[in-house]
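Novice: Below is target_22.tsv; it holds TSV, N, CA and C atoms.
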chain	number	residue	atom	x	y	z
A	1	MET	N	0.85	-1.19	0.00
A	1	MET	CA	0.00	0.00	0.00
A	1	MET	C	0.88	1.23	0.00
A	2	ASP	N	0.42	2.26	-0.65
A	2	ASP	CA	1.15	3.52	-0.75
A	2	ASP	C	0.99	4.32	0.55
A	3	CYS	N	1.87	5.29	0.73
A	3	CYS	CA	1.89	6.01	2.00
A	3	CYS	C	2.30	7.46	1.78
A	4	ILE	N	1.59	8.36	2.44
A	4	ILE	CA	1.96	9.78	2.49
A	4	ILE	C	2.51	10.04	3.89
A	5	HIS	N	3.69	10.66	3.96
A	5	HIS	CA	4.30	11.03	5.25
A	5	HIS	C	4.19	12.54	5.41
A	6	LEU	N	3.67	12.97	6.54
A	6	LEU	CA	3.64	14.39	6.89
A	6	LEU	C	4.43	14.51	8.19
A	7	THR	N	5.57	15.15	8.15
A	7	THR	CA	6.44	15.17	9.33
A	7	THR	C	6.77	16.60	9.76
A	8	GLY	N	7.04	16.73	11.04
A	8	GLY	CA	7.46	18.02	11.58
A	8	GLY	C	6.37	19.06	11.64
A	9	ILE	N	5.13	18.63	11.82
A	9	ILE	CA	4.03	19.59	11.98
A	9	ILE	C	4.15	20.15	13.39
A	10	ARG	N	4.58	21.37	13.49
A	10	ARG	CA	4.91	21.98	14.78
A	10	ARG	C	3.87	23.05	15.11
A	11	CYS	N	3.30	22.96	16.32
A	11	CYS	CA	2.34	23.97	16.74
A	11	CYS	C	2.27	24.06	18.25
A	12	TYR	N	1.75	25.16	18.70
A	12	TYR	CA	1.65	25.46	20.13
A	12	TYR	C	0.29	24.99	20.63
A	13	GLY	N	0.30	24.26	21.76
A	13	GLY	CA	-0.96	23.75	22.28
A	13	GLY	C	-1.00	23.72	23.79
A	14	TYR	N	-2.12	23.23	24.31
A	14	TYR	CA	-2.39	23.33	25.75
A	14	TYR	C	-2.73	21.98	26.38
A	15	THR	N	-2.20	20.91	25.85
A	15	THR	CA	-2.39	19.58	26.43
A	15	THR	C	-1.27	19.32	27.42
A	16	GLY	N	-1.65	18.83	28.60
A	16	GLY	CA	-0.65	18.49	29.62
A	16	GLY	C	-1.31	18.13	30.92
A	17	TYR	N	-0.63	17.30	31.67
A	17	TYR	CA	-1.15	16.82	32.95
A	17	TYR	C	-1.15	17.91	34.02
A	18	LEU	N	-0.14	18.76	34.01
A	18	LEU	CA	-0.05	19.82	35.02
A	18	LEU	C	-0.98	20.98	34.64
A	19	PRO	N	-1.68	21.55	35.61
A	19	PRO	CA	-2.61	22.65	35.30
A	19	PRO	C	-1.95	23.80	34.53
A	20	GLU	N	-0.70	24.12	34.86
A	20	GLU	CA	-0.04	25.24	34.16
A	20	GLU	C	0.22	24.93	32.69
A	21	GLU	N	0.32	23.65	32.34
A	21	GLU	CA	0.50	23.29	30.93
A	21	GLU	C	-0.74	23.65	30.11
A	22	GLN	N	-1.90	23.55	30.75
A	22	GLN	CA	-3.14	23.87	30.04
A	22	GLN	C	-3.42	25.38	30.03
A	23	VAL	N	-2.63	26.13	30.79
A	23	VAL	CA	-2.77	27.59	30.79
A	23	VAL	C	-1.65	28.23	29.96
A	24	LEU	N	-0.42	27.85	30.24
A	24	LEU	CA	0.73	28.46	29.55
A	24	LEU	C	0.99	27.85	28.19
A	25	GLY	N	0.69	26.56	28.05
A	25	GLY	CA	0.91	25.88	26.78
A	25	GLY	C	2.37	25.52	26.54
A	26	GLN	N	2.61	24.86	25.41
A	26	GLN	CA	3.95	24.45	25.03
A	26	GLN	C	3.93	23.98	23.57
A	27	TRP	N	5.11	23.76	23.02
A	27	TRP	CA	5.22	23.31	21.64
A	27	TRP	C	5.02	21.80	21.54
A	28	PHE	N	4.39	21.39	20.46
A	28	PHE	CA	4.20	19.98	20.12
A	28	PHE	C	4.64	19.78	18.68
A	29	GLU	N	5.05	18.57	18.38
A	29	GLU	CA	5.36	18.19	17.00
A	29	GLU	C	4.54	16.94	16.68
A	30	VAL	N	4.04	16.87	15.47
A	30	VAL	CA	3.23	15.73	15.05
A	30	VAL	C	3.75	15.22	13.71
A	31	ASP	N	3.89	13.90	13.63
A	31	ASP	CA	4.22	13.21	12.39
A	31	ASP	C	3.08	12.24	12.09
A	32	VAL	N	2.67	12.15	10.85
A	32	VAL	CA	1.65	11.16	10.48
A	32	VAL	C	2.07	10.42	9.22
A	33	LYS	N	1.69	9.16	9.17
A	33	LYS	CA	1.80	8.36	7.95
A	33	LYS	C	0.39	7.94	7.59
A	34	LEU	N	0.04	8.13	6.33
A	34	LEU	CA	-1.30	7.82	5.86
A	34	LEU	C	-1.20	6.81	4.73
A	35	TRP	N	-1.76	5.61	4.94
A	35	TRP	CA	-1.75	4.59	3.91
A	35	TRP	C	-3.02	4.68	3.08
A	36	LEU	N	-2.84	4.73	1.76
A	36	LEU	CA	-3.96	4.79	0.83
A	36	LEU	C	-3.45	4.44	-0.56
A	37	ASP	N	-4.36	4.22	-1.47
A	37	ASP	CA	-4.00	3.87	-2.84
A	37	ASP	C	-3.71	5.15	-3.63
A	38	LEU	N	-2.47	5.31	-4.05
A	38	LEU	CA	-2.07	6.50	-4.80
A	38	LEU	C	-1.83	6.20	-6.28
A	39	SER	N	-2.24	5.03	-6.74
A	39	SER	CA	-1.94	4.63	-8.12
A	39	SER	C	-2.60	5.53	-9.16
A	40	THR	N	-3.83	5.95	-8.92
A	40	THR	CA	-4.51	6.84	-9.87
A	40	THR	C	-3.81	8.19	-9.94
A	41	ALA	N	-3.48	8.75	-8.79
A	41	ALA	CA	-2.79	10.05	-8.76
A	41	ALA	C	-1.41	9.97	-9.40
A	42	ALA	N	-0.75	8.84	-9.25
A	42	ALA	CA	0.58	8.66	-9.84
A	42	ALA	C	0.52	8.68	-11.36
A	43	LYS	N	-0.64	8.34	-11.91
A	43	LYS	CA	-0.81	8.36	-13.37
A	43	LYS	C	-1.42	9.68	-13.86
A	44	SER	N	-2.38	10.20	-13.11
A	44	SER	CA	-3.14	11.36	-13.59
A	44	SER	C	-2.48	12.71	-13.32
A	45	ASP	N	-1.67	12.77	-12.26
A	45	ASP	CA	-1.06	14.04	-11.83
A	45	ASP	C	-2.12	15.06	-11.43
A	46	ALA	N	-3.27	14.57	-10.94
A	46	ALA	CA	-4.38	15.45	-10.54
A	46	ALA	C	-4.59	15.38	-9.04
A	47	ILE	N	-4.69	16.53	-8.41
A	47	ILE	CA	-4.89	16.58	-6.96
A	47	ILE	C	-6.21	15.94	-6.54
A	48	ALA	N	-7.18	15.94	-7.42
A	48	ALA	CA	-8.47	15.31	-7.13
A	48	ALA	C	-8.34	13.79	-6.93
A	49	ASP	N	-7.25	13.22	-7.42
A	49	ASP	CA	-7.05	11.77	-7.32
A	49	ASP	C	-6.18	11.36	-6.14
A	50	THR	N	-5.90	12.30	-5.26
A	50	THR	CA	-5.10	11.99	-4.08
A	50	THR	C	-5.75	12.63	-2.85
A	51	LEU	N	-5.09	12.51	-1.74
A	51	LEU	CA	-5.54	13.15	-0.50
A	51	LEU	C	-4.92	14.54	-0.45
A	52	ASP	N	-5.72	15.56	-0.27
A	52	ASP	CA	-5.19	16.92	-0.15
A	52	ASP	C	-4.62	17.05	1.26
A	53	TYR	N	-3.33	16.84	1.39
A	53	TYR	CA	-2.73	16.80	2.73
A	53	TYR	C	-2.69	18.15	3.41
A	54	ARG	N	-2.96	19.23	2.67
A	54	ARG	CA	-3.08	20.53	3.32
A	54	ARG	C	-4.21	20.52	4.33
A	55	SER	N	-5.30	19.83	3.99
A	55	SER	CA	-6.44	19.76	4.92
A	55	SER	C	-6.09	18.92	6.15
A	56	VAL	N	-5.28	17.88	5.98
A	56	VAL	CA	-4.87	17.06	7.12
A	56	VAL	C	-3.97	17.88	8.05
A	57	ILE	N	-3.05	18.64	7.48
A	57	ILE	CA	-2.17	19.49	8.29
A	57	ILE	C	-3.00	20.52	9.05
A	58	SER	N	-3.98	21.14	8.41
A	58	SER	CA	-4.84	22.11	9.09
A	58	SER	C	-5.63	21.46	10.22
A	59	LEU	N	-6.14	20.27	9.97
A	59	LEU	CA	-6.90	19.54	11.00
A	59	LEU	C	-6.03	19.28	12.22
A	60	ILE	N	-4.80	18.81	11.99
A	60	ILE	CA	-3.88	18.53	13.10
A	60	ILE	C	-3.56	19.79	13.87
A	61	LYS	N	-3.22	20.86	13.16
A	61	LYS	CA	-2.88	22.11	13.83
A	61	LYS	C	-4.05	22.63	14.65
A	62	ASP	N	-5.25	22.55	14.11
A	62	ASP	CA	-6.42	23.02	14.83
A	62	ASP	C	-6.64	22.20	16.11
A	63	LEU	N	-6.50	20.89	16.01
A	63	LEU	CA	-6.68	20.04	17.20
A	63	LEU	C	-5.65	20.34	18.28
A	64	VAL	N	-4.39	20.48	17.88
A	64	VAL	CA	-3.33	20.76	18.87
A	64	VAL	C	-3.57	22.12	19.52
A	65	LYS	N	-3.92	23.12	18.72
A	65	LYS	CA	-4.10	24.48	19.24
A	65	LYS	C	-5.31	24.63	20.15
A	66	THR	N	-6.38	23.86	19.91
A	66	THR	CA	-7.63	24.09	20.64
A	66	THR	C	-7.92	23.06	21.73
A	67	SER	N	-7.23	21.94	21.73
A	67	SER	CA	-7.51	20.89	22.72
A	67	SER	C	-6.85	21.19	24.06
A	68	LYS	N	-7.51	20.77	25.11
A	68	LYS	CA	-6.94	20.88	26.46
A	68	LYS	C	-7.10	19.53	27.16
A	69	PHE	N	-6.40	18.53	26.65
A	69	PHE	CA	-6.42	17.20	27.26
A	69	PHE	C	-5.32	17.11	28.32
A	70	ALA	N	-5.49	16.20	29.24
A	70	ALA	CA	-4.45	15.96	30.25
A	70	ALA	C	-3.30	15.14	29.66
A	71	LEU	N	-3.61	14.23	28.74
A	71	LEU	CA	-2.61	13.30	28.24
A	71	LEU	C	-2.36	13.49	26.74
A	72	ILE	N	-1.10	13.37	26.34
A	72	ILE	CA	-0.81	13.42	24.90
A	72	ILE	C	-1.31	12.15	24.22
A	73	GLU	N	-1.53	11.08	24.96
A	73	GLU	CA	-2.17	9.90	24.40
A	73	GLU	C	-3.56	10.24	23.87
A	74	ARG	N	-4.27	11.05	24.61
A	74	ARG	CA	-5.62	11.48	24.20
A	74	ARG	C	-5.55	12.39	22.98
A	75	LEU	N	-4.57	13.27	22.95
A	75	LEU	CA	-4.39	14.15	21.80
A	75	LEU	C	-4.09	13.32	20.55
A	76	ALA	N	-3.20	12.36	20.67
A	76	ALA	CA	-2.87	11.48	19.54
A	76	ALA	C	-4.11	10.73	19.07
A	77	GLY	N	-4.92	10.24	20.01
A	77	GLY	CA	-6.15	9.53	19.67
A	77	GLY	C	-7.14	10.42	18.95
A	78	ALA	N	-7.26	11.67	19.40
A	78	ALA	CA	-8.17	12.61	18.75
A	78	ALA	C	-7.73	12.91	17.33
A	79	ILE	N	-6.42	13.04	17.12
A	79	ILE	CA	-5.90	13.27	15.77
A	79	ILE	C	-6.20	12.08	14.88
A	80	ALA	N	-5.91	10.87	15.38
A	80	ALA	CA	-6.16	9.65	14.59
A	80	ALA	C	-7.65	9.52	14.24
A	81	ASP	N	-8.50	9.70	15.23
A	81	ASP	CA	-9.95	9.58	15.00
A	81	ASP	C	-10.44	10.60	13.98
A	82	SER	N	-9.97	11.82	14.09
A	82	SER	CA	-10.43	12.88	13.18
A	82	SER	C	-9.99	12.62	11.74
A	83	ILE	N	-8.76	12.16	11.57
A	83	ILE	CA	-8.29	11.87	10.22
A	83	ILE	C	-9.10	10.72	9.62
A	84	MET	N	-9.33	9.66	10.40
A	84	MET	CA	-10.10	8.53	9.89
A	84	MET	C	-11.53	8.94	9.54
A	85	GLU	N	-12.12	9.84	10.32
A	85	GLU	CA	-13.48	10.30	10.05
A	85	GLU	C	-13.55	11.16	8.79
A	86	GLN	N	-12.55	11.99	8.56
A	86	GLN	CA	-12.61	12.96	7.46
A	86	GLN	C	-11.97	12.48	6.16
A	87	CYS	N	-11.19	11.42	6.22
A	87	CYS	CA	-10.44	10.98	5.03
A	87	CYS	C	-10.78	9.53	4.72
A	88	ASP	N	-11.85	9.33	3.96
A	88	ASP	CA	-12.34	7.99	3.66
A	88	ASP	C	-11.32	7.11	2.95
A	89	GLN	N	-10.45	7.70	2.14
A	89	GLN	CA	-9.52	6.90	1.36
A	89	GLN	C	-8.35	6.35	2.18
A	90	VAL	N	-8.15	6.86	3.39
A	90	VAL	CA	-7.07	6.37	4.26
A	90	VAL	C	-7.50	5.03	4.87
A	91	THR	N	-6.68	4.00	4.63
A	91	THR	CA	-6.99	2.66	5.14
A	91	THR	C	-6.27	2.37	6.45
A	92	GLN	N	-5.16	3.05	6.67
A	92	GLN	CA	-4.40	2.88	7.90
A	92	GLN	C	-3.63	4.16	8.15
A	93	LEU	N	-3.37	4.45	9.42
A	93	LEU	CA	-2.56	5.63	9.72
A	93	LEU	C	-1.71	5.39	10.95
A	94	GLN	N	-0.67	6.17	11.03
A	94	GLN	CA	0.19	6.20	12.20
A	94	GLN	C	0.31	7.66	12.61
A	95	VAL	N	0.11	7.93	13.89
A	95	VAL	CA	0.25	9.28	14.43
A	95	VAL	C	1.32	9.25	15.51
A	96	ILE	N	2.26	10.17	15.42
A	96	ILE	CA	3.25	10.33	16.48
A	96	ILE	C	3.14	11.76	16.99
A	97	VAL	N	2.84	11.90	18.28
A	97	VAL	CA	2.79	13.22	18.92
A	97	VAL	C	4.02	13.32	19.81
A	98	ILE	N	4.79	14.37	19.61
A	98	ILE	CA	6.04	14.58	20.34
A	98	ILE	C	5.92	15.81	21.21
A	99	LYS	N	6.32	15.63	22.46
A	99	LYS	CA	6.38	16.73	23.42
A	99	LYS	C	7.87	17.02	23.63
A	100	PRO	N	8.41	18.03	22.93
A	100	PRO	CA	9.85	18.23	22.96
A	100	PRO	C	10.42	18.76	24.27
A	101	ALA	N	9.60	19.35	25.12
A	101	ALA	CA	10.11	19.95	26.36
A	101	ALA	C	9.15	19.67	27.51
A	102	ALA	N	8.95	18.40	27.82
A	102	ALA	CA	8.06	18.04	28.92
A	102	ALA	C	8.61	18.58	30.23
A	103	PRO	N	7.74	19.15	31.08
A	103	PRO	CA	8.20	19.73	32.34
A	103	PRO	C	8.48	18.65	33.40
A	104	ILE	N	9.54	17.90	33.16
A	104	ILE	CA	9.96	16.83	34.08
A	104	ILE	C	11.35	17.20	34.58
A	105	PRO	N	11.54	17.31	35.90
A	105	PRO	CA	12.84	17.70	36.44
A	105	PRO	C	13.95	16.75	35.98
A	106	ASP	N	15.09	17.33	35.66
A	106	ASP	CA	16.30	16.59	35.26
A	106	ASP	C	16.08	15.69	34.05
A	107	PHE	N	15.20	16.08	33.15
A	107	PHE	CA	14.95	15.32	31.92
A	107	PHE	C	15.00	16.28	30.75
A	108	GLY	N	15.97	16.10	29.88
A	108	GLY	CA	16.11	16.98	28.74
A	108	GLY	C	15.69	16.34	27.43
A	109	GLY	N	15.11	15.15	27.50
A	109	GLY	CA	14.71	14.44	26.29
A	109	GLY	C	13.32	14.81	25.82
A	110	LYS	N	12.85	14.07	24.84
A	110	LYS	CA	11.52	14.26	24.28
A	110	LYS	C	10.64	13.08	24.69
A	111	ILE	N	9.35	13.32	24.74
A	111	ILE	CA	8.38	12.25	24.98
A	111	ILE	C	7.52	12.16	23.73
A	112	SER	N	7.29	10.94	23.28
A	112	SER	CA	6.42	10.79	22.11
A	112	SER	C	5.48	9.61	22.31
A	113	ILE	N	4.31	9.75	21.72
A	113	ILE	CA	3.28	8.71	21.72
A	113	ILE	C	3.05	8.34	20.26
A	114	GLU	N	3.00	7.04	19.97
A	114	GLU	CA	2.77	6.57	18.62
A	114	GLU	C	1.53	5.68	18.63
A	115	LEU	N	0.58	6.02	17.77
A	115	LEU	CA	-0.64	5.22	17.61
A	115	LEU	C	-0.75	4.77	16.17
A	116	THR	N	-1.20	3.54	15.96
A	116	THR	CA	-1.48	3.03	14.62
A	116	THR	C	-2.92	2.57	14.60
A	117	ARG	N	-3.66	3.00	13.59
A	117	ARG	CA	-5.07	2.63	13.46
A	117	ARG	C	-5.32	2.10	12.07
A	118	LYS	N	-6.16	1.07	11.97
A	118	LYS	CA	-6.57	0.50	10.70
A	118	LYS	C	-8.07	0.61	10.57
A	119	ARG	N	-8.53	0.88	9.37
A	119	ARG	CA	-9.96	0.91	9.13
A	119	ARG	C	-10.49	-0.51	9.21
A	120	ALA	N	-11.63	-0.68	9.87
A	120	ALA	CA	-12.20	-2.02	10.05
A	120	ALA	C	-12.69	-2.61	8.75
In structure tokens, how does this file's structure come out?

Specialist:
Amino acid sequence: MDCIHLTGIRCYGYTGYLPEEQVLGQWFEVDVKLWLDLSTAAKSDAIADTLDYRSVISLIKDLVKTSKFALIERLAGAIADSIMEQCDQVTQLQVIVIKPAAPIPDFGGKISIELTRKRA
């Protein structure tokens, strides 16, 4: 199956377990892989024959900017659910939500959640 990768979608949001995270916010990064049949678009060179990934990027940015979940697991799930609802041609997807600066003492790494969903 063919795949579209959208990586490095960076936006400011308000998801976090600590109350101040939902007030002050922080940066998030999102990567998605979308599996779908791209054979028609590969021949036609027409945007109508593929997934307009600009709309997927907008959907992700809107969810990150407006959601106030406690867990990034929930944010990742909301992104996955929304893409599956709005993009009928996607048969499988992978969502990775990255929290590059989690407020954890003595931890300078990143935290990421990866979800994979398949259409039933």

Novice: Among the residues of chain A, find those DSSP assigns to helix (DSSP H, G or I) from the backbone and print them as JSON, numbers by chain.

Specialist: {"A": [19, 20, 21, 22, 23, 24, 39, 40, 41, 42, 43, 44, 47, 48, 49, 53, 54, 55, 56, 57, 58, 59, 60, 61, 62, 63, 64, 65, 66, 72, 73, 74, 75, 76, 77, 78, 79, 80, 81, 82, 83, 84, 85, 86]}

Novice: Counting all atoms listed in the file, which residues in region 64-98 of chain A sit no more than 7 Å from region 5-25 of chain A? For each one, give the nearest pair of atoms and the distance in Å, sorted by chain then residue number, as a tab-separated table.

Specialist:
residue	atom	partner	partner_atom	distance
A:Val64	C	A:Gly13	CA	4.1
A:Lys65	CA	A:Gly13	CA	4.4
A:Thr66	N	A:Gly13	CA	5.9
A:Ser67	C	A:Tyr14	C	4.8
A:Lys68	CA	A:Tyr14	C	4.4
A:Phe69	C	A:Gly16	N	4.1
A:Ala70	C	A:Gly16	C	3.8
A:Leu71	N	A:Gly16	N	5.0
A:Ile72	N	A:Gly16	N	5.9

Novice: If I take CA of Val90 (chain A) and CA of Arg74 (chain A), how far is one from the other in Å, to one decimal?

Specialist: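 So the two atoms, CA of Val90 (chain A) and CA of Arg74 (chain A), lie 20.6 Å apart.
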
Novice: Which residue gives the smallest distance to Gly77 (chain A) among A:Val56, A:Ala46, A:Ile113, A:Leu51, with only C-alpha atoms counted?

Specialist: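 The shortest atom-to-atom distance to Gly77 (chain A) comes from A:Ile113.
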
Novice: Tell me, in Å to one decimal, how far atom C of Ile111 (chain A) is from atom C of Asp88 (chain A).

Specialist: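 These two atoms are separated by 28.5 Å.
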
Novice: Could you give me the axis-aligned bounding box of region 83-100 of chain A, with 8 Å of padding per side, as centre plus edge lengths in Å to one decimal, as AutoDock Vina command-line options?

Specialist:
--center_x -1.6 --center_y 10.6 --center_z 12.8 --size_x 40.0 --size_y 32.4 --size_z 38.9

Novice: Can you check which residues of chain A DSSP gives as strand (DSSP E or B) on the backbone and send them as a VMD selection string?

Specialist: chain A and resid 2 to 13 26 to 36 92 to 99 111 to 118

Novice: Leaving out Leu63 (chain A) and any residue of its chain fewer than 5 positions from it, which residues lie within 9 Å of it when counting only C-alpha atoms, given as a PyMOL selection string?

Specialist: chain A and resi 13+58+75+78-79

Novice: Step by step: locate region 23-34 of chain A in the block above, keep all heavy atoms, then write the file as a PDB file, in the first residue's frame.

Specialist:
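What follows is the written file decode-v4.pdb:
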ATOM      1  N   VAL A  23      -2.633  26.133  30.788  1.00  0.00           N
ATOM      2  CA  VAL A  23      -2.766  27.587  30.792  1.00  0.00           C
ATOM      3  C   VAL A  23      -1.653  28.234  29.962  1.00  0.00           C
ATOM      4  O   VAL A  23      -1.920  29.043  29.078  1.00  0.00           O
ATOM      5  CB  VAL A  23      -2.743  28.144  32.238  1.00  0.00           C
ATOM      6  CG1 VAL A  23      -2.722  29.664  32.239  1.00  0.00           C
ATOM      7  CG2 VAL A  23      -3.927  27.620  33.026  1.00  0.00           C
ATOM      8  N   LEU A  24      -0.421  27.852  30.236  1.00  0.00           N
ATOM      9  CA  LEU A  24       0.730  28.459  29.555  1.00  0.00           C
ATOM     10  C   LEU A  24       0.992  27.846  28.188  1.00  0.00           C
ATOM     11  O   LEU A  24       1.482  28.517  27.297  1.00  0.00           O
ATOM     12  CB  LEU A  24       1.989  28.314  30.423  1.00  0.00           C
ATOM     13  CG  LEU A  24       1.933  28.980  31.797  1.00  0.00           C
ATOM     14  CD1 LEU A  24       3.179  28.639  32.602  1.00  0.00           C
ATOM     15  CD2 LEU A  24       1.768  30.482  31.646  1.00  0.00           C
ATOM     16  N   GLY A  25       0.692  26.563  28.046  1.00  0.00           N
ATOM     17  CA  GLY A  25       0.910  25.875  26.778  1.00  0.00           C
ATOM     18  C   GLY A  25       2.366  25.521  26.544  1.00  0.00           C
ATOM     19  O   GLY A  25       3.244  25.830  27.350  1.00  0.00           O
ATOM     20  N   GLN A  26       2.615  24.857  25.414  1.00  0.00           N
ATOM     21  CA  GLN A  26       3.955  24.448  25.026  1.00  0.00           C
ATOM     22  C   GLN A  26       3.927  23.983  23.568  1.00  0.00           C
ATOM     23  O   GLN A  26       2.860  23.823  22.985  1.00  0.00           O
ATOM     24  CB  GLN A  26       4.450  23.324  25.924  1.00  0.00           C
ATOM     25  CG  GLN A  26       3.595  22.069  25.855  1.00  0.00           C
ATOM     26  CD  GLN A  26       3.831  21.172  27.049  1.00  0.00           C
ATOM     27  OE1 GLN A  26       4.937  20.720  27.247  1.00  0.00           O
ATOM     28  NE2 GLN A  26       2.804  20.939  27.839  1.00  0.00           N
ATOM     29  N   TRP A  27       5.113  23.762  23.019  1.00  0.00           N
ATOM     30  CA  TRP A  27       5.220  23.311  21.642  1.00  0.00           C
ATOM     31  C   TRP A  27       5.019  21.805  21.544  1.00  0.00           C
ATOM     32  O   TRP A  27       5.435  21.057  22.429  1.00  0.00           O
ATOM     33  CB  TRP A  27       6.580  23.679  21.053  1.00  0.00           C
ATOM     34  CG  TRP A  27       6.676  25.141  20.769  1.00  0.00           C
ATOM     35  CD1 TRP A  27       7.306  26.086  21.529  1.00  0.00           C
ATOM     36  CD2 TRP A  27       6.104  25.834  19.676  1.00  0.00           C
ATOM     37  NE1 TRP A  27       7.146  27.333  20.963  1.00  0.00           N
ATOM     38  CE2 TRP A  27       6.420  27.202  19.819  1.00  0.00           C
ATOM     39  CE3 TRP A  27       5.346  25.437  18.569  1.00  0.00           C
ATOM     40  CZ2 TRP A  27       6.013  28.174  18.908  1.00  0.00           C
ATOM     41  CZ3 TRP A  27       4.946  26.399  17.659  1.00  0.00           C
ATOM     42  CH2 TRP A  27       5.276  27.748  17.834  1.00  0.00           C
ATOM     43  N   PHE A  28       4.386  21.389  20.460  1.00  0.00           N
ATOM     44  CA  PHE A  28       4.205  19.981  20.122  1.00  0.00           C
ATOM     45  C   PHE A  28       4.638  19.781  18.677  1.00  0.00           C
ATOM     46  O   PHE A  28       4.582  20.708  17.877  1.00  0.00           O
ATOM     47  CB  PHE A  28       2.731  19.555  20.252  1.00  0.00           C
ATOM     48  CG  PHE A  28       2.227  19.547  21.664  1.00  0.00           C
ATOM     49  CD1 PHE A  28       1.689  20.692  22.227  1.00  0.00           C
ATOM     50  CD2 PHE A  28       2.301  18.399  22.426  1.00  0.00           C
ATOM     51  CE1 PHE A  28       1.224  20.688  23.530  1.00  0.00           C
ATOM     52  CE2 PHE A  28       1.843  18.392  23.724  1.00  0.00           C
ATOM     53  CZ  PHE A  28       1.305  19.537  24.287  1.00  0.00           C
ATOM     54  N   GLU A  29       5.052  18.566  18.376  1.00  0.00           N
ATOM     55  CA  GLU A  29       5.359  18.188  17.003  1.00  0.00           C
ATOM     56  C   GLU A  29       4.544  16.939  16.682  1.00  0.00           C
ATOM     57  O   GLU A  29       4.374  16.066  17.537  1.00  0.00           O
ATOM     58  CB  GLU A  29       6.848  17.892  16.832  1.00  0.00           C
ATOM     59  CG  GLU A  29       7.718  19.106  17.044  1.00  0.00           C
ATOM     60  CD  GLU A  29       9.201  18.777  17.038  1.00  0.00           C
ATOM     61  OE1 GLU A  29       9.577  17.647  16.660  1.00  0.00           O
ATOM     62  OE2 GLU A  29       9.985  19.654  17.433  1.00  0.00           O
ATOM     63  N   VAL A  30       4.044  16.874  15.467  1.00  0.00           N
ATOM     64  CA  VAL A  30       3.228  15.731  15.046  1.00  0.00           C
ATOM     65  C   VAL A  30       3.754  15.218  13.711  1.00  0.00           C
ATOM     66  O   VAL A  30       4.038  16.003  12.807  1.00  0.00           O
ATOM     67  CB  VAL A  30       1.733  16.124  14.915  1.00  0.00           C
ATOM     68  CG1 VAL A  30       0.900  14.933  14.458  1.00  0.00           C
ATOM     69  CG2 VAL A  30       1.201  16.690  16.225  1.00  0.00           C
ATOM     70  N   ASP A  31       3.891  13.901  13.632  1.00  0.00           N
ATOM     71  CA  ASP A  31       4.216  13.214  12.385  1.00  0.00           C
ATOM     72  C   ASP A  31       3.077  12.244  12.095  1.00  0.00           C
ATOM     73  O   ASP A  31       2.579  11.596  13.022  1.00  0.00           O
ATOM     74  CB  ASP A  31       5.509  12.402  12.495  1.00  0.00           C
ATOM     75  CG  ASP A  31       6.740  13.258  12.779  1.00  0.00           C
ATOM     76  OD1 ASP A  31       6.719  14.468  12.480  1.00  0.00           O
ATOM     77  OD2 ASP A  31       7.724  12.699  13.287  1.00  0.00           O
ATOM     78  N   VAL A  32       2.667  12.145  10.849  1.00  0.00           N
ATOM     79  CA  VAL A  32       1.650  11.156  10.484  1.00  0.00           C
ATOM     80  C   VAL A  32       2.072  10.425   9.216  1.00  0.00           C
ATOM     81  O   VAL A  32       2.734  10.985   8.344  1.00  0.00           O
ATOM     82  CB  VAL A  32       0.234  11.766  10.289  1.00  0.00           C
ATOM     83  CG1 VAL A  32      -0.312  12.333  11.573  1.00  0.00           C
ATOM     84  CG2 VAL A  32       0.206  12.797   9.204  1.00  0.00           C
ATOM     85  N   LYS A  33       1.689   9.164   9.166  1.00  0.00           N
ATOM     86  CA  LYS A  33       1.802   8.358   7.950  1.00  0.00           C
ATOM     87  C   LYS A  33       0.393   7.942   7.588  1.00  0.00           C
ATOM     88  O   LYS A  33      -0.359   7.471   8.443  1.00  0.00           O
ATOM     89  CB  LYS A  33       2.644   7.108   8.183  1.00  0.00           C
ATOM     90  CG  LYS A  33       4.106   7.374   8.365  1.00  0.00           C
ATOM     91  CD  LYS A  33       4.855   6.055   8.526  1.00  0.00           C
ATOM     92  CE  LYS A  33       6.304   6.298   8.828  1.00  0.00           C
ATOM     93  NZ  LYS A  33       7.027   5.021   9.034  1.00  0.00           N
ATOM     94  N   LEU A  34       0.040   8.128   6.334  1.00  0.00           N
ATOM     95  CA  LEU A  34      -1.302   7.823   5.855  1.00  0.00           C
ATOM     96  C   LEU A  34      -1.195   6.805   4.729  1.00  0.00           C
ATOM     97  O   LEU A  34      -0.594   7.103   3.690  1.00  0.00           O
ATOM     98  CB  LEU A  34      -1.984   9.097   5.354  1.00  0.00           C
ATOM     99  CG  LEU A  34      -1.983  10.285   6.327  1.00  0.00           C
ATOM    100  CD1 LEU A  34      -2.404  11.549   5.618  1.00  0.00           C
ATOM    101  CD2 LEU A  34      -2.864   9.991   7.515  1.00  0.00           C
TER     102      LEU A  34
END
